[in-house]
Amino acid sequence: MTKRTRGRLFTGALLGCLVSTIAGCDSLLEVDLPGSVERADLDNPVLAATLALGAQSDFECAFGAWMLVTELWTSGLDQSSTLTTHSTIQARRAAVNEYGSATCNVDGSPLPYGFWGPLNISRVQAKETTALIQGFGEIPDAAYLLARLAAYEGYSTLLLAESFCGLYFDGGSRETRAEGFARAVASFTSALASATAATPSATTTAAQIASVRTMALVGRARANLNLGNSEAVLADAGAVTLDFVRTVDRSGLISFRYNPVFFRSQEGKAYSVPLMYRDTLVSGVFRPRIGGVPDPRVGSFRDGFGNNQFTPQYTQNKYLSRATPIPFSTWKEAQLMIAEVSGGQTAVSIINTLRARYPGLPVFSSSDPATIAAQVRQERQRELWLQGTRMGDMLRWGTPFPTGTTPANQVIVDTTPWCFPTMEAERLGNPNVG
Amino acid sequence: MNWPNGYYGQAGEGSKDIDIIRNLNRTADVSASATLALTEQVGGVTSVGLQYYSKRQRTIASNGDQFASPALSTVGATARPGSGETEFENVTVGAYFQQQFDWQQRIFVTGAVRADDNSAFGEAFNLVYYPKVSATWVLHEESFWNFDFLGQMRLRGAYGQAGKQPGVFASSRLFQPRAGTGDVGYLTPLQFGNPDLGPEKSSELEIGFDAAAFEDRVGVEFTWYSKKTQDAIIDAPVAPSRGYPGFQFVNIGQVSNWGMELALNLAVLQGDQLSADLNISGGTTYSRIDDMGGISEIAVRRTRRHVEGYPLAAQFEKKVVSADWVTGPGGAVSNVMCDGGTGADGRRMGGVPVPCSAAPRVWWGRQSEPTWTLQASPTVTLRQNLRLSALFYAQGGNMVGSDALFNAEIAWVNTHKAQVNDDLLYVAQKSVAPPALGYYNGGYAKLREISLSYTLPAQLAQRIGASQASVIIAGRNMGILWQEQKLSYLAGGQTGDPEKNNIPTEEFTGEPTSGTMPPSSSIVATVRVSF
């Protein structure tokens with residue numbers, strides 16, 4: 001065989017290899033991704049409980065960040081840090097709209113204080129998981145899981161409607177707060193229907209079902225309170241069991257699941273309790289007065305200076321560890337909703353029932369409707385302190401938001417409306433945003 | 001001192017992070033070429049090739065904080081140890097065919113085509129093809145060439161297509177594990193994904209020439225280029241209301257880049273005892289987004305935006321033009337008016353003032369990346385042993401948006417203006433659109449290097465058994481010769497070393513390397529010995 005022939009044969013073999021290799025490209029391109037899960041892999045009935053837990057967990061993460069932001073925005077807590085995010089929030093600058101895609105990781109990794117994105121994540125994941133589970137057919141605890149998902153979808157929607165001036169769902173057009181509250185009512189109604197259909201099993205107790213059901217009652221009552229549907233509020237709030245409490249679970253082990261108020265106040269010295277909660281000092285604890293006496297429901301202690309080294313630090317004493325859970329759906333709130341809607345001596349009776357649980361608080365009495373209404377508001381402010389109700393209450397009552405200069409020397413931009421503006425991330429990613 | 005969480009670990013009791021990164025890159029490259037003499041005047045070279053590239057990276061991380069005692073140092077000895085693992089893989093397979101023809105070794109024409117496939121392509125995409133054609137004409141070899149002073153002249157032109165692959169799994173909708181209620185693991189959204197994601201394709205035309213004159217004492221290289229990128233892969237923000245975080249990679253529209261490059265090499269003096277050379281090179285580069293596929297704008301970072309009709313990742317922000325004090329200097333402002341924008345899209349500066357709440361984010365007039373660069377390198381050689389050379393570098397035409405200057409006004413509040421708050425426009429801008437406080441024009445010139453080298457005479461080198469020896473003393477980054485703007489526009493903050501601030505690195509994100517430190521000044525002494 002000549003050299004030329006060998007050369008031609010070699011060239012031909014090489015071209016043949018090329019052709020066959022290109023034809024087999026697809027198998028060469030298969031890669032693994034062991035650290036993540038693709039959407040198609042979730043279509044597995046075995047994952048139903050995990051997926052439902054996911055929606056709840058997403059809500060709990062979102063709630064912590066949202067609550068902190070609403071407290072700062074309304075000066076329910078004062079900034080005592082150097083962080084730009086805190087300045088922007090408490091000074092109510094327009095730039096707060098840049099936090100739309102921030103995360104809810106309270107340990108600050110990456111940029112925390114997301115109060116639009118995370119609530120939408122929990123809302124959509126609850127909705128999508130509902131569709132998944134409904135597609136699984138007959139699986140254990142399906143009704144309970146669906147009730148739980150609908151209840152957390154309802155709360156996610158409720159908090160968004162309480163705090164944002166305009167709402168966007170799933171990349172759609174702008175909706176009003178009233179439309180948002182109506183969506184929340186629909187979710188809670190679905191939750192109640194599913195909870196009614198749920199039965200205890202080896203993995204789900206009657207108490208768990210009852211908890212989800214009662215949570216949906218409180219949530220629907222709160223949504224209807226914002227819609228002005230008094231009868232619906234009375235019906236649902238009146239059905240809430242005595243001393244019911246549903247909490248946002250927190251962790252002492254995992255940094256992004258710490259109680260954010262404790263973590264950022266006691267440990268980070270980034271938030272301080274404002275003057276309106278510090279009328280008296282008793283045994284080293286500052287408290288506001290109520291009926292002339294220190295109110296035990298709200299307290300703080302002097303702890304040097306804040307993280308910014310010049311704002312006096314008054315650290316809250318409601319949440320005392322990283323793992324302290326945060327109540328967000330309670331019998332007490334239901335009672336105060338009844339008081340707000342009913343007014344009169346019904347409200348007075350409720351106020352005193354709640355006060356009786358705290359030794360030393362005086363009995364309240366009045367027959368003046370305006371005085372009673374004002375007292376109901378103050379009771380809500382104290383009883384539900386740092387539980388995520390402040391901003392919704394202020395907007396519902398038309399209470400003017402704070403102005404002036406913050407203790408961190410930031411001039412507050414006082415523009416109306418006081419609800420949150422449309423997030424820049426939504427405007428950029430949603431063509432329906434004007 | 002109560003350090004915030006994160007500084008030196010929890011409560012200042014220390015922390016430790018260990019990352020073990022394993023990269024496995026596999027490459028197979030097979031090619032063959034054949035040279036053919038088709039006729040006496042026409043020759044050709046045929047080339048084919050196949051490439052396989054696989055990248056696999058695995059990272060194992062462990063970390064912990066709160067050491068009970070300074071004597072402890074392992075991660076396991078911390079109060080809160082943790083761990084993590086990530087892994088990703090990407091594979092590209094490609095093949096090419098190239099054919100070159102030449103006519104009397106004076107005119108060269110080359111055509112080629114390349115095909116690629118990648119594991120990151122969306123489900124709807126398979127192979128991508130990239131053609132290329134180029135031509136070179138060696139003019140000085142032609143019979144009609146009779147410019148004696150111009151000893152070399154070569155015209156060249158090329159047109160070709162290239163592509164950029166999307167990141168691994170960029171097209172997939174993904175969920176990640178996380179600890180949730182009860183510290184139990186669950187799955188949360190990680191990425192929205194895009195099943196239609198494909199590669200971006202760019203087409204580039206280059207025209208230029210290489211010339212040498214006066215017996216090669218003057219050399220010139222010039223290239224003009226124009227590049228258009230179709231289906232550019234861009235991070236488009238996912239509307240948070242859709243329930244997924246972050247961005248979605250999309251192929252959209254068209255981006256144009258153009259500019260020119262010029263290099264001039266001058267042998268100023270050529271003598272045995274003294275010679276001097278001067279090399280000057282420079283170029284311009286411009287970008288423009290021609291088509292965004294219907295998307296009005298894409299946020300890149302803070303106030304950088306991709307907007308149709310403007311350069312990539314340009315600065316867009318509201319500009320305050322007037323305001324009033326409510327009570328007096330140092331207090332609040334009211335009646336704050338901003339530039340209302342002008343131009344076809346109303347986003348160019350120079351519009352009628354409007355209330356800032358209704359004002360658009362206007363373009364601040366410059367690219368984020370430099371539009372021109374210039375480099376000059378003179379060299380003087382004495383008696384072929386002693387050489388003095390220098391390197392000057394300059395760039396400009398861009399606008400910088402500095403996070404450091406912005407934070408000095410907002411977060412740290414440690415500038416004069418921030419403390420006094422008596423500048424009306426400054427206070428008004430700060431209340432409406434504070435990122436603009438960090439803007440300034442980024443042009444600068446630096447003496448990059450000055451060096452003196454001495455090559456020992458051969459006899460001296462041989463005394464130590466060396467064939468060659470030299471000593472070099474060089475000073476690097478010796479100083480800023482010129483700064484276009486030393487104080488930022490509104491805040492009057494010192495801009496400092498222009499290389500310490502945001503320097504875009506990614507082509508289509510303009511993503512700055514925030515916090516980049518400038519190259520430090522240094523004096524380096526080097527001894528080189530060859531045996």
# chains A, B, ... in the order shown; residues from 1 in each chain; ligands from 1
>>> residues_around(residues="Thr324 in chain A", least_positions_apart="5", cutoff="8 Å", atoms="only C-alpha atoms", output="VMD selection string")
chain A and resid 249 to 251 259 319
>>> residues_around(residues="range 77-82 of chain B", least_positions_apart="2", cutoff="10 Å", atoms="only C-alpha atoms", output="CSV table (one decimal) with C-alpha atoms, in the first residue's frame")
chain,number,residue,atom,x,y,z
A,253,LEU,CA,-29.8,26.3,64.3
A,254,ILE,CA,-30.2,27.6,60.8
A,255,SER,CA,-29.2,31.2,60.3
B,10,GLN,CA,-21.0,35.6,65.6
B,13,GLU,CA,-15.7,34.9,68.1
B,14,GLY,CA,-14.2,33.9,64.8
B,15,SER,CA,-15.2,31.9,61.8
B,16,LYS,CA,-13.6,29.5,59.3
B,17,ASP,CA,-14.5,28.6,55.8
B,61,ALA,CA,-17.6,23.5,51.5
B,62,SER,CA,-17.4,23.4,55.3
B,63,ASN,CA,-17.7,26.3,57.6
B,64,GLY,CA,-18.3,27.2,61.2
B,65,ASP,CA,-18.2,30.1,63.6
B,66,GLN,CA,-17.9,30.8,67.3
B,67,PHE,CA,-14.6,29.4,68.6
B,68,ALA,CA,-14.7,28.9,72.4
B,69,SER,CA,-11.0,29.6,72.6
B,72,LEU,CA,-9.1,26.1,68.5
B,73,SER,CA,-8.9,26.3,64.7
B,74,THR,CA,-10.7,23.4,63.1
B,75,VAL,CA,-14.2,23.7,61.6
B,84,GLY,CA,-22.5,22.2,51.6
>>> closest_residue(among="B:Ala71, B:Cys356, B:Ala112, B:Leu264", to="chain A", atoms="only C-alpha atoms")
B:Cys356
>>> interface_residues(of="chain B", to="chain A", cutoff="6 Å", atoms="only C-alpha atoms", output="PDB file with N, CA, C and O atoms, in the first residue's frame")
ATOM      1  N   PRO B   4     -21.608  43.666  64.393  1.00  0.00           N
ATOM      2  CA  PRO B   4     -22.815  43.062  63.810  1.00  0.00           C
ATOM      3  C   PRO B   4     -22.540  41.632  63.399  1.00  0.00           C
ATOM      4  O   PRO B   4     -21.400  41.273  63.137  1.00  0.00           O
ATOM      5  N   ASN B   5     -23.577  40.851  63.361  1.00  0.00           N
ATOM      6  CA  ASN B   5     -23.420  39.476  62.936  1.00  0.00           C
ATOM      7  C   ASN B   5     -22.738  39.424  61.574  1.00  0.00           C
ATOM      8  O   ASN B   5     -23.071  40.164  60.663  1.00  0.00           O
ATOM      9  N   THR B  86     -21.837  21.488  45.955  1.00  0.00           N
ATOM     10  CA  THR B  86     -22.453  21.850  44.682  1.00  0.00           C
ATOM     11  C   THR B  86     -21.714  21.145  43.564  1.00  0.00           C
ATOM     12  O   THR B  86     -20.531  20.815  43.693  1.00  0.00           O
ATOM     13  N   PHE B  88     -21.696  20.953  39.053  1.00  0.00           N
ATOM     14  CA  PHE B  88     -22.297  21.227  37.750  1.00  0.00           C
ATOM     15  C   PHE B  88     -21.399  20.723  36.644  1.00  0.00           C
ATOM     16  O   PHE B  88     -20.189  20.537  36.826  1.00  0.00           O
ATOM     17  N   GLU B  89     -22.018  20.507  35.481  1.00  0.00           N
ATOM     18  CA  GLU B  89     -21.280  19.954  34.346  1.00  0.00           C
ATOM     19  C   GLU B  89     -21.798  20.585  33.069  1.00  0.00           C
ATOM     20  O   GLU B  89     -22.985  20.892  32.932  1.00  0.00           O
ATOM     21  N   VAL B  91     -21.124  20.327  28.683  1.00  0.00           N
ATOM     22  CA  VAL B  91     -20.442  19.631  27.577  1.00  0.00           C
ATOM     23  C   VAL B  91     -20.726  20.353  26.275  1.00  0.00           C
ATOM     24  O   VAL B  91     -21.871  20.743  26.012  1.00  0.00           O
ATOM     25  N   SER B 119     -24.807  21.007  26.036  1.00  0.00           N
ATOM     26  CA  SER B 119     -25.757  20.420  26.985  1.00  0.00           C
ATOM     27  C   SER B 119     -26.702  21.443  27.580  1.00  0.00           C
ATOM     28  O   SER B 119     -27.730  21.105  28.130  1.00  0.00           O
ATOM     29  N   ARG B 173     -36.300  24.736  34.560  1.00  0.00           N
ATOM     30  CA  ARG B 173     -36.965  25.250  35.759  1.00  0.00           C
ATOM     31  C   ARG B 173     -36.489  24.371  36.907  1.00  0.00           C
ATOM     32  O   ARG B 173     -36.684  23.148  36.883  1.00  0.00           O
ATOM     33  N   LEU B 174     -35.889  25.018  37.883  1.00  0.00           N
ATOM     34  CA  LEU B 174     -35.210  24.269  38.922  1.00  0.00           C
ATOM     35  C   LEU B 174     -35.720  24.615  40.320  1.00  0.00           C
ATOM     36  O   LEU B 174     -36.183  25.730  40.567  1.00  0.00           O
ATOM     37  N   PHE B 175     -35.562  23.646  41.195  1.00  0.00           N
ATOM     38  CA  PHE B 175     -35.874  23.820  42.611  1.00  0.00           C
ATOM     39  C   PHE B 175     -34.646  23.407  43.408  1.00  0.00           C
ATOM     40  O   PHE B 175     -33.912  22.496  43.022  1.00  0.00           O
ATOM     41  N   GLN B 176     -34.463  24.074  44.528  1.00  0.00           N
ATOM     42  CA  GLN B 176     -33.300  23.768  45.353  1.00  0.00           C
ATOM     43  C   GLN B 176     -33.756  23.329  46.736  1.00  0.00           C
ATOM     44  O   GLN B 176     -34.820  23.734  47.214  1.00  0.00           O
ATOM     45  N   GLY B 180     -36.663  24.033  56.154  1.00  0.00           N
ATOM     46  CA  GLY B 180     -37.903  24.761  56.372  1.00  0.00           C
ATOM     47  C   GLY B 180     -38.476  24.490  57.748  1.00  0.00           C
ATOM     48  O   GLY B 180     -37.756  24.266  58.715  1.00  0.00           O
ATOM     49  N   THR B 181     -39.768  24.503  57.803  1.00  0.00           N
ATOM     50  CA  THR B 181     -40.489  24.341  59.060  1.00  0.00           C
ATOM     51  C   THR B 181     -39.983  23.118  59.818  1.00  0.00           C
ATOM     52  O   THR B 181     -39.883  22.022  59.244  1.00  0.00           O
ATOM     53  N   TYR B 186     -36.988  20.894  52.481  1.00  0.00           N
ATOM     54  CA  TYR B 186     -38.066  21.017  51.505  1.00  0.00           C
ATOM     55  C   TYR B 186     -37.472  21.559  50.220  1.00  0.00           C
ATOM     56  O   TYR B 186     -36.257  21.766  50.128  1.00  0.00           O
ATOM     57  N   LEU B 187     -38.295  21.771  49.219  1.00  0.00           N
ATOM     58  CA  LEU B 187     -37.836  22.269  47.920  1.00  0.00           C
ATOM     59  C   LEU B 187     -38.452  23.631  47.656  1.00  0.00           C
ATOM     60  O   LEU B 187     -39.669  23.820  47.784  1.00  0.00           O
ATOM     61  N   PRO B 237     -35.350  40.029  33.970  1.00  0.00           N
ATOM     62  CA  PRO B 237     -35.929  39.792  35.288  1.00  0.00           C
ATOM     63  C   PRO B 237     -37.261  39.068  35.178  1.00  0.00           C
ATOM     64  O   PRO B 237     -38.061  39.357  34.304  1.00  0.00           O
ATOM     65  N   VAL B 238     -37.451  38.120  36.039  1.00  0.00           N
ATOM     66  CA  VAL B 238     -38.741  37.447  36.132  1.00  0.00           C
ATOM     67  C   VAL B 238     -39.608  38.275  37.059  1.00  0.00           C
ATOM     68  O   VAL B 238     -39.175  38.631  38.155  1.00  0.00           O
ATOM     69  N   ALA B 239     -40.782  38.618  36.624  1.00  0.00           N
ATOM     70  CA  ALA B 239     -41.691  39.361  37.497  1.00  0.00           C
ATOM     71  C   ALA B 239     -41.906  38.545  38.767  1.00  0.00           C
ATOM     72  O   ALA B 239     -42.341  37.385  38.690  1.00  0.00           O
ATOM     73  N   PRO B 240     -41.608  39.091  39.932  1.00  0.00           N
ATOM     74  CA  PRO B 240     -41.774  38.319  41.169  1.00  0.00           C
ATOM     75  C   PRO B 240     -43.175  37.763  41.350  1.00  0.00           C
ATOM     76  O   PRO B 240     -43.353  36.745  42.019  1.00  0.00           O
ATOM     77  N   SER B 241     -44.171  38.417  40.755  1.00  0.00           N
ATOM     78  CA  SER B 241     -45.537  37.921  40.907  1.00  0.00           C
ATOM     79  C   SER B 241     -45.716  36.554  40.260  1.00  0.00           C
ATOM     80  O   SER B 241     -46.731  35.883  40.488  1.00  0.00           O
ATOM     81  N   ARG B 242     -44.748  36.118  39.481  1.00  0.00           N
ATOM     82  CA  ARG B 242     -44.836  34.783  38.863  1.00  0.00           C
ATOM     83  C   ARG B 242     -44.357  33.690  39.805  1.00  0.00           C
ATOM     84  O   ARG B 242     -44.452  32.510  39.497  1.00  0.00           O
ATOM     85  N   GLY B 243     -43.808  34.124  40.955  1.00  0.00           N
ATOM     86  CA  GLY B 243     -43.506  33.143  41.982  1.00  0.00           C
ATOM     87  C   GLY B 243     -42.159  32.464  41.884  1.00  0.00           C
ATOM     88  O   GLY B 243     -41.948  31.420  42.511  1.00  0.00           O
ATOM     89  N   TYR B 244     -41.270  33.038  41.095  1.00  0.00           N
ATOM     90  CA  TYR B 244     -39.932  32.483  40.998  1.00  0.00           C
ATOM     91  C   TYR B 244     -38.938  33.626  41.155  1.00  0.00           C
ATOM     92  O   TYR B 244     -39.178  34.732  40.686  1.00  0.00           O
ATOM     93  N   ALA B 411     -25.264  55.499  53.289  1.00  0.00           N
ATOM     94  CA  ALA B 411     -25.125  54.549  54.393  1.00  0.00           C
ATOM     95  C   ALA B 411     -24.171  55.061  55.467  1.00  0.00           C
ATOM     96  O   ALA B 411     -24.499  55.103  56.648  1.00  0.00           O
TER      97      ALA B 411
END
>>> residues_around(residues="Tyr277 in chain A", least_positions_apart="4", cutoff="9 Å", atoms="only C-alpha atoms", output="PyMOL selection string")
chain A and resi 273+286-289+298-300
>>> write_last_selection(atoms="N, CA and C atoms", output="short mmCIF file (atom, residue, chain, number, x, y, z; two decimals), in the first residue's frame")
data_model
loop_
_atom_site.label_atom_id
_atom_site.label_comp_id
_atom_site.auth_asym_id
_atom_site.auth_seq_id
_atom_site.Cartn_x
_atom_site.Cartn_y
_atom_site.Cartn_z
N VAL A 273 -36.59 50.03 69.69
CA VAL A 273 -38.00 50.28 69.98
C VAL A 273 -38.21 51.79 70.08
N PHE A 286 -38.39 49.40 79.80
CA PHE A 286 -39.21 50.50 79.32
C PHE A 286 -40.54 49.95 78.80
N ARG A 287 -41.62 50.62 79.17
CA ARG A 287 -42.93 50.18 78.68
C ARG A 287 -43.78 51.42 78.39
N PRO A 288 -44.76 51.25 77.50
CA PRO A 288 -45.73 52.35 77.32
C PRO A 288 -46.76 52.26 78.44
N ARG A 289 -47.46 53.34 78.65
CA ARG A 289 -48.54 53.31 79.64
C ARG A 289 -49.84 52.92 78.96
N VAL A 298 -45.79 45.21 76.04
CA VAL A 298 -44.76 45.82 75.20
C VAL A 298 -43.59 46.22 76.08
N GLY A 299 -42.39 45.81 75.73
CA GLY A 299 -41.25 46.15 76.57
C GLY A 299 -39.95 46.22 75.82
N SER A 300 -39.02 46.98 76.37
CA SER A 300 -37.69 47.09 75.79
C SER A 300 -36.71 47.47 76.89
#
>>> select_by_dssp(residues="range 51-151 of chain B", states="helix (DSSP H, G or I)", output="list in words")
Val75, Gly76, Ala77, Leu139, His140 and Glu141 of chain B
